[in-house]
Amino acid sequence: MGKVETGGVGGGSCRRWLWAAGALIAVLLAVTVSLRNVPKISFFGITEKPFECSDSRKFTGMVEDCSCDYETVDSLNKEMLHPILQELVTTPFFRYFKVKLWCDCPFWPDDGMCQLRDCTVCECPESEFPAPFKKPSGGLPTDDMICQEGKPQAAVDRTLDTRAFRGWIEIDNPWTYDDETDNAEMTYVNLQLNPERYTGYTGSSARRIWDAVYKENCPKYPSEELCQEKRVLYKLISGLHSSISVHIASDYLIDESNNLWGQNLELLYDRVLRHPDRVRNLYFTFLFVLRAVTKAADYLEQADYDTGNPEEDLKTQSLVRQLLYNQKLQSACPLPFDEARLWQGENGPELKQQIQKQFKNISAIMDCVGCEKCRLWGKLQVLGLATSLKILFSVDGKNRIYQPLQLQRNEVISLLNLLNRLSESVKFVHEEGPSAEKLFEGRMSSPTGKNTFLQ
Ligand SMILES: Cc1cc2nc3c(=O)[nH]c(=O)nc-3n(C[C@H](O)[C@H](O)[C@H](O)COP(=O)(O)OP(=O)(O)OC[C@H]3O[C@@H](n4cnc5c(N)ncnc54)[C@H](O)[C@@H]3O)c2cc1C
């Protein structure tokens with residue numbers, strides 16, 4: 001029988017020497033490549049595949065700890081997810097978000113940070129609002145109100161309505177601090193009138209929030225420690241933070257006196273692109289939330305999207321179906337994230353409780369955000385993440401697991417709006433990233449973001 005020769009079997013001493021030299025070179029190459037790609041241990045405890053390209057800022061291969069690669073995510077997002085989501089969030093069902101905007105900070109109430117809490121905000125015209133949400137009598141004021149306090153770009157354009165949506169249950173999310181069943185002081189906000197973008201919220205107040213949020217995580221866990229679930233939590237927050245920064249960069253107030261808005265690619269580079277882990281965490285968060293949406297497909301398909309406008313509501317339902325049952329998505333990226341790999345250790349239940357508590361604290365910190373519009377989007381997106389966590393790890397506070405999924409309307413709205421925000425960020429990074437890197441790589445960062453580019 002013919003023998004297939006390997007370096008270690010048969011052959012003379014010369015061949016053995018060649019094999020040993022080849023193996024040594026291979027090992028040296030592998031070590032060199034892996035040293036250039038940190039972190040090296042994934043949260044599943046598996047050594048990560050190094051990025052295949054020589055430039056660590058170009059993203060190829062699998063998105064860390066997920067089951068889709070960067071190229072697939074970019075093309076699915078551009079061709080399918082982004083267009084559907086962009087249309088979906090404009091429908092009446094998805095554009096009104098119920099939120100308590102008071103700045104009731106439970107952590108540091110007396111530092112004056114929340115002075116903008118009483119900002120008089122502009123109300124949207126009555127014609128904008130779906131009929132079922134309107135109060136039975138009186139309706140809404142139609143005259144436009146001018147914001148009196150704070151930077152106008154930081155104030156929320158909102159309208160008040162206490163009426164609950166039809167056909168939806170009121171249920172508390174165990175991952176959030178807010179009691180979602182409590183309708184007191186709730187405001188309906190038209191998200192289309194309040195895009196997430198530059199607001200001028202910066203300095204020690206903003207820094208304090210992010211510091212507090214990261215302290216609730218495990219960013220300093222050494223990579224050897226198998227804290228995979230805590231790493232998920234950190235990556236979700238970091239990915240959200242990246243996405244917020246991307247929105248600031250993509251819609252920036254370049255010239256305040258002329259109210260001129262445009263892109264700030266230097267800010268994009270400084271805050272996100274030059275930290276490859278922040279880009280990776282953005283993609284991770286996108287896939288995590290996408291997985292939650294697709295996992296809840298049956299629920300979302302059957303949900304009641306009635307806003308009293310049959311034409312629009314049918315469109316909403318059709319767009320939701322297009323998103324949930326997309327052939328391309330199902331064949332190219334059937335399982336964006338595999339949640340079954342979490343909580344498997346013997347201390348899984350305790351760990352889950354601990355992380356749930358940490359996430360609740362993060363959600364409570366959102367009440368301390370000292371800019372109304374940032375608070376709106378902070379609360380919406382944290383609720384969106386909490387909803388993803390609830391879908392993927394359905395559990396109540398007492399750790400009775402895997403009950404039938406029940407979502408409240410606001411959770412569904414936050415979930416899909418969060419997915420849309422992440423989708424926009426992924427698209428912007430993919431499309432503008434290479435030119436921003438070319439322009440700013442190697443330059444000193446500038447906090448003022450002077451190098452700006454008009455849209
Ligand atoms: C909930 C929330 C919502 C906000 N929404 C808006 C908004 O809509 N519009 C607006 O103009 N401003 C918003 N801000 C403020 C904005 O996020 C920044 O805090 C502000 O622009 C100042 O930025 P900075 O350069 O000091 O760094 P920051 O973005 O404040 O970051 C603080 C520190 O966190 C670390 N960090 C930064 N990014 C990441 C990441 N992706 N992953 C891990 N660590 C990171 C870095 O060490 C950085 O120095 C919001 C702030 C919060 C807390």
# chains A, B, ... in the order shown; residues from 1 in each chain; ligands from 1

$ residues_near_ligand --ligand "ligand 1" --cutoff "6 Å" --atoms "only C-alpha atoms and all ligand atoms" --output "ChimeraX atom specification"
/A:196-203,206-207,209-210,238-239,241-242,244-245,248,271,278,366,369,374-375,378

$ write_last_selection --atoms "C-alpha atoms" --output "PDB file, in the first residue's frame"
ATOM      1  CA  GLU A 196     -30.206  60.858  17.369  1.00  0.00           C
ATOM      2  CA  ARG A 197     -27.394  63.222  16.451  1.00  0.00           C
ATOM      3  CA  TYR A 198     -25.033  65.830  17.856  1.00  0.00           C
ATOM      4  CA  THR A 199     -26.581  67.671  20.801  1.00  0.00           C
ATOM      5  CA  GLY A 200     -23.650  69.449  22.389  1.00  0.00           C
ATOM      6  CA  TYR A 201     -23.850  67.198  25.467  1.00  0.00           C
ATOM      7  CA  THR A 202     -20.250  66.734  26.500  1.00  0.00           C
ATOM      8  CA  GLY A 203     -17.757  67.345  29.294  1.00  0.00           C
ATOM      9  CA  ALA A 206     -21.409  62.975  29.907  1.00  0.00           C
ATOM     10  CA  ARG A 207     -18.125  61.454  31.015  1.00  0.00           C
ATOM     11  CA  ILE A 209     -22.412  58.755  32.893  1.00  0.00           C
ATOM     12  CA  TRP A 210     -20.175  56.626  30.694  1.00  0.00           C
ATOM     13  CA  SER A 238     -19.454  49.372  24.087  1.00  0.00           C
ATOM     14  CA  GLY A 239     -21.254  48.618  20.805  1.00  0.00           C
ATOM     15  CA  HIS A 241     -21.561  53.628  22.761  1.00  0.00           C
ATOM     16  CA  SER A 242     -19.880  53.249  19.346  1.00  0.00           C
ATOM     17  CA  ILE A 244     -24.054  56.787  19.548  1.00  0.00           C
ATOM     18  CA  SER A 245     -20.649  58.207  18.571  1.00  0.00           C
ATOM     19  CA  ILE A 248     -22.898  62.183  16.435  1.00  0.00           C
ATOM     20  CA  ARG A 271     -13.936  58.066  18.730  1.00  0.00           C
ATOM     21  CA  ARG A 278     -15.159  49.551  19.269  1.00  0.00           C
ATOM     22  CA  MET A 366     -29.981  56.664  31.972  1.00  0.00           C
ATOM     23  CA  VAL A 369     -28.209  61.777  31.490  1.00  0.00           C
ATOM     24  CA  CYS A 374     -29.647  61.970  24.747  1.00  0.00           C
ATOM     25  CA  ARG A 375     -31.751  60.657  27.630  1.00  0.00           C
ATOM     26  CA  GLY A 378     -30.289  56.375  25.860  1.00  0.00           C
TER      27      GLY A 378
END

$ closest_atom_pairs --of "segment 287-333 of chain A" --to "segment 63-78 of chain A" --cutoff "9 Å" --atoms "only C-alpha atoms" --output "CSV"
residue,atom,partner,partner_atom,distance
A:Leu287,CA,A:Cys66,CA,7.3
A:Phe288,CA,A:Cys66,CA,8.2
A:Lys328,CA,A:Leu76,CA,7.5
A:Leu329,CA,A:Leu76,CA,6.8
A:Ala332,CA,A:Thr72,CA,7.0
A:Cys333,CA,A:Cys68,CA,5.7

$ closest_residue --among "A:Asn309, A:Gln344, A:Thr285, A:Asn417" --to "Leu383 of chain A" --atoms "only C-alpha atoms"
A:Asn417

$ residues_around --residues "segment 429-444 of chain A" --least-positions-apart "2" --cutoff "8 Å" --atoms "only C-alpha atoms" --output "short mmCIF file (atom, residue, chain, number, x, y, z; two decimals) with N, CA and C atoms, in the first residue's frame"
data_model
loop_
_atom_site.label_atom_id
_atom_site.label_comp_id
_atom_site.auth_asym_id
_atom_site.auth_seq_id
_atom_site.Cartn_x
_atom_site.Cartn_y
_atom_site.Cartn_z
N ASP A 74 -22.23 43.33 6.16
CA ASP A 74 -22.28 44.59 5.40
C ASP A 74 -23.21 44.47 4.20
N VAL A 246 -21.11 57.22 16.40
CA VAL A 246 -21.25 57.25 14.94
C VAL A 246 -22.39 58.21 14.54
N LEU A 265 -16.01 63.47 9.96
CA LEU A 265 -15.28 62.20 9.81
C LEU A 265 -14.11 62.11 10.78
N GLU A 266 -13.61 63.25 11.20
CA GLU A 266 -12.51 63.22 12.16
C GLU A 266 -13.01 62.67 13.50
N LEU A 268 -15.53 60.66 13.81
CA LEU A 268 -15.76 59.24 13.57
C LEU A 268 -14.46 58.46 13.76
N TYR A 269 -13.39 59.01 13.21
CA TYR A 269 -12.11 58.33 13.30
C TYR A 269 -11.61 58.29 14.74
N LEU A 273 -13.17 54.62 14.87
CA LEU A 273 -12.37 53.82 13.94
C LEU A 273 -10.97 53.50 14.45
N ARG A 274 -10.37 54.44 15.17
CA ARG A 274 -9.01 54.15 15.58
C ARG A 274 -8.94 53.21 16.79
N SER A 425 -25.46 52.73 11.84
CA SER A 425 -24.06 52.90 12.24
C SER A 425 -23.15 51.95 11.48
N VAL A 426 -23.58 50.70 11.34
CA VAL A 426 -22.78 49.73 10.60
C VAL A 426 -22.59 50.21 9.16
N LYS A 427 -23.66 50.71 8.57
CA LYS A 427 -23.58 51.19 7.18
C LYS A 427 -22.63 52.38 7.07
N SER A 446 -8.11 65.70 17.39
CA SER A 446 -8.47 67.05 17.79
C SER A 446 -9.87 67.04 18.40
#

$ select_by_dssp --residues "segment 146-392 of chain A" --states "strand (DSSP E or B)" --output "list in words"
Arg158, Thr159, Thr187, Tyr188, Val189, Asn190, Tyr252, Leu253, Ile254, Asp255, Leu260, Trp261, Gly262 and Gln263 of chain A

$ write_last_selection --atoms "N, CA and C atoms" --output "PDB file, in the first residue's frame"
ATOM      1  N   ARG A 158     -41.883  66.692  21.777  1.00  0.00           N
ATOM      2  CA  ARG A 158     -42.725  65.615  22.288  1.00  0.00           C
ATOM      3  C   ARG A 158     -44.195  66.022  22.392  1.00  0.00           C
ATOM      4  N   THR A 159     -44.982  65.048  22.618  1.00  0.00           N
ATOM      5  CA  THR A 159     -46.383  65.301  22.838  1.00  0.00           C
ATOM      6  C   THR A 159     -46.858  64.383  23.954  1.00  0.00           C
ATOM      7  N   THR A 187     -44.588  60.130  28.524  1.00  0.00           N
ATOM      8  CA  THR A 187     -44.773  61.033  27.403  1.00  0.00           C
ATOM      9  C   THR A 187     -44.629  60.230  26.113  1.00  0.00           C
ATOM     10  N   TYR A 188     -45.449  60.522  25.129  1.00  0.00           N
ATOM     11  CA  TYR A 188     -45.218  59.927  23.807  1.00  0.00           C
ATOM     12  C   TYR A 188     -44.365  60.868  22.980  1.00  0.00           C
ATOM     13  N   VAL A 189     -43.304  60.317  22.428  1.00  0.00           N
ATOM     14  CA  VAL A 189     -42.394  61.140  21.633  1.00  0.00           C
ATOM     15  C   VAL A 189     -42.373  60.619  20.202  1.00  0.00           C
ATOM     16  N   ASN A 190     -42.469  61.532  19.268  1.00  0.00           N
ATOM     17  CA  ASN A 190     -42.323  61.158  17.863  1.00  0.00           C
ATOM     18  C   ASN A 190     -40.830  61.098  17.549  1.00  0.00           C
ATOM     19  N   TYR A 252     -23.676  66.092  12.477  1.00  0.00           N
ATOM     20  CA  TYR A 252     -22.953  66.974  13.392  1.00  0.00           C
ATOM     21  C   TYR A 252     -23.257  68.439  13.077  1.00  0.00           C
ATOM     22  N   LEU A 253     -23.366  69.244  14.132  1.00  0.00           N
ATOM     23  CA  LEU A 253     -23.620  70.680  13.920  1.00  0.00           C
ATOM     24  C   LEU A 253     -22.286  71.374  13.641  1.00  0.00           C
ATOM     25  N   ILE A 254     -22.041  71.590  12.380  1.00  0.00           N
ATOM     26  CA  ILE A 254     -20.738  72.106  11.972  1.00  0.00           C
ATOM     27  C   ILE A 254     -20.622  73.607  12.230  1.00  0.00           C
ATOM     28  N   ASP A 255     -21.694  74.313  11.928  1.00  0.00           N
ATOM     29  CA  ASP A 255     -21.656  75.768  12.097  1.00  0.00           C
ATOM     30  C   ASP A 255     -22.945  76.183  12.806  1.00  0.00           C
ATOM     31  N   LEU A 260     -25.768  74.816  10.321  1.00  0.00           N
ATOM     32  CA  LEU A 260     -25.275  73.954   9.237  1.00  0.00           C
ATOM     33  C   LEU A 260     -24.866  72.595   9.804  1.00  0.00           C
ATOM     34  N   TRP A 261     -25.520  71.540   9.291  1.00  0.00           N
ATOM     35  CA  TRP A 261     -25.264  70.181   9.771  1.00  0.00           C
ATOM     36  C   TRP A 261     -24.544  69.380   8.694  1.00  0.00           C
ATOM     37  N   GLY A 262     -23.690  68.463   9.118  1.00  0.00           N
ATOM     38  CA  GLY A 262     -22.991  67.619   8.150  1.00  0.00           C
ATOM     39  C   GLY A 262     -22.225  66.523   8.854  1.00  0.00           C
ATOM     40  N   GLN A 263     -21.361  65.856   8.102  1.00  0.00           N
ATOM     41  CA  GLN A 263     -20.587  64.760   8.687  1.00  0.00           C
ATOM     42  C   GLN A 263     -19.308  65.275   9.328  1.00  0.00           C
TER      43      GLN A 263
END

$ closest_residue --among "A:Asn258, A:Ser394, A:Leu342, A:Arg409" --to "Leu233 of chain A" --atoms "only C-alpha atoms"
A:Leu342

$ residues_around --residues "Lys357 of chain A" --least-positions-apart "3" --cutoff "9 Å" --atoms "only C-alpha atoms" --output "PyMOL selection string"
chain A and resi 174-177+352-354+360-362

$ write_last_selection --atoms "N, CA and C atoms" --output "PDB file, in the first residue's frame"
ATOM      1  N   PRO A 174     -37.655  42.584  33.283  1.00  0.00           N
ATOM      2  CA  PRO A 174     -36.792  42.330  34.442  1.00  0.00           C
ATOM      3  C   PRO A 174     -35.377  42.871  34.281  1.00  0.00           C
ATOM      4  N   TRP A 175     -35.021  43.299  33.083  1.00  0.00           N
ATOM      5  CA  TRP A 175     -33.663  43.800  32.862  1.00  0.00           C
ATOM      6  C   TRP A 175     -33.580  45.313  33.009  1.00  0.00           C
ATOM      7  N   THR A 176     -34.710  45.984  33.256  1.00  0.00           N
ATOM      8  CA  THR A 176     -34.645  47.444  33.369  1.00  0.00           C
ATOM      9  C   THR A 176     -35.029  47.920  34.761  1.00  0.00           C
ATOM     10  N   TYR A 177     -34.582  49.114  35.072  1.00  0.00           N
ATOM     11  CA  TYR A 177     -34.872  49.747  36.349  1.00  0.00           C
ATOM     12  C   TYR A 177     -36.287  50.326  36.347  1.00  0.00           C
ATOM     13  N   LYS A 352     -26.525  34.961  36.046  1.00  0.00           N
ATOM     14  CA  LYS A 352     -27.587  35.652  35.315  1.00  0.00           C
ATOM     15  C   LYS A 352     -28.239  36.718  36.194  1.00  0.00           C
ATOM     16  N   GLN A 353     -28.479  36.349  37.442  1.00  0.00           N
ATOM     17  CA  GLN A 353     -29.080  37.324  38.365  1.00  0.00           C
ATOM     18  C   GLN A 353     -28.161  38.521  38.555  1.00  0.00           C
ATOM     19  N   GLN A 354     -26.890  38.235  38.686  1.00  0.00           N
ATOM     20  CA  GLN A 354     -25.915  39.306  38.908  1.00  0.00           C
ATOM     21  C   GLN A 354     -25.856  40.243  37.693  1.00  0.00           C
ATOM     22  N   LYS A 360     -29.764  46.396  35.101  1.00  0.00           N
ATOM     23  CA  LYS A 360     -30.787  47.275  35.684  1.00  0.00           C
ATOM     24  C   LYS A 360     -30.150  48.581  36.146  1.00  0.00           C
ATOM     25  N   ASN A 361     -28.979  48.478  36.749  1.00  0.00           N
ATOM     26  CA  ASN A 361     -28.281  49.689  37.192  1.00  0.00           C
ATOM     27  C   ASN A 361     -27.918  50.579  36.012  1.00  0.00           C
ATOM     28  N   ILE A 362     -27.481  49.958  34.931  1.00  0.00           N
ATOM     29  CA  ILE A 362     -27.152  50.741  33.733  1.00  0.00           C
ATOM     30  C   ILE A 362     -28.410  51.460  33.249  1.00  0.00           C
TER      31      ILE A 362
END

$ select_by_dssp --residues "segment 263-332 of chain A" --states "alpha helix (DSSP H)" --output "number ranges by chain"
A: 265-268, 276-295, 297-302, 310-324, 327-332

$ residues_around --residues "Val89 of chain A" --least-positions-apart "5" --cutoff "8 Å" --atoms "only C-alpha atoms" --output "list in words"
Phe94, Arg95, Leu416, Asn417 and Asn420 of chain A

$ atom_distance --atom1 "atom CA of Ser414 of chain A" --atom2 "atom CA of Leu193 of chain A"
15.8 Å
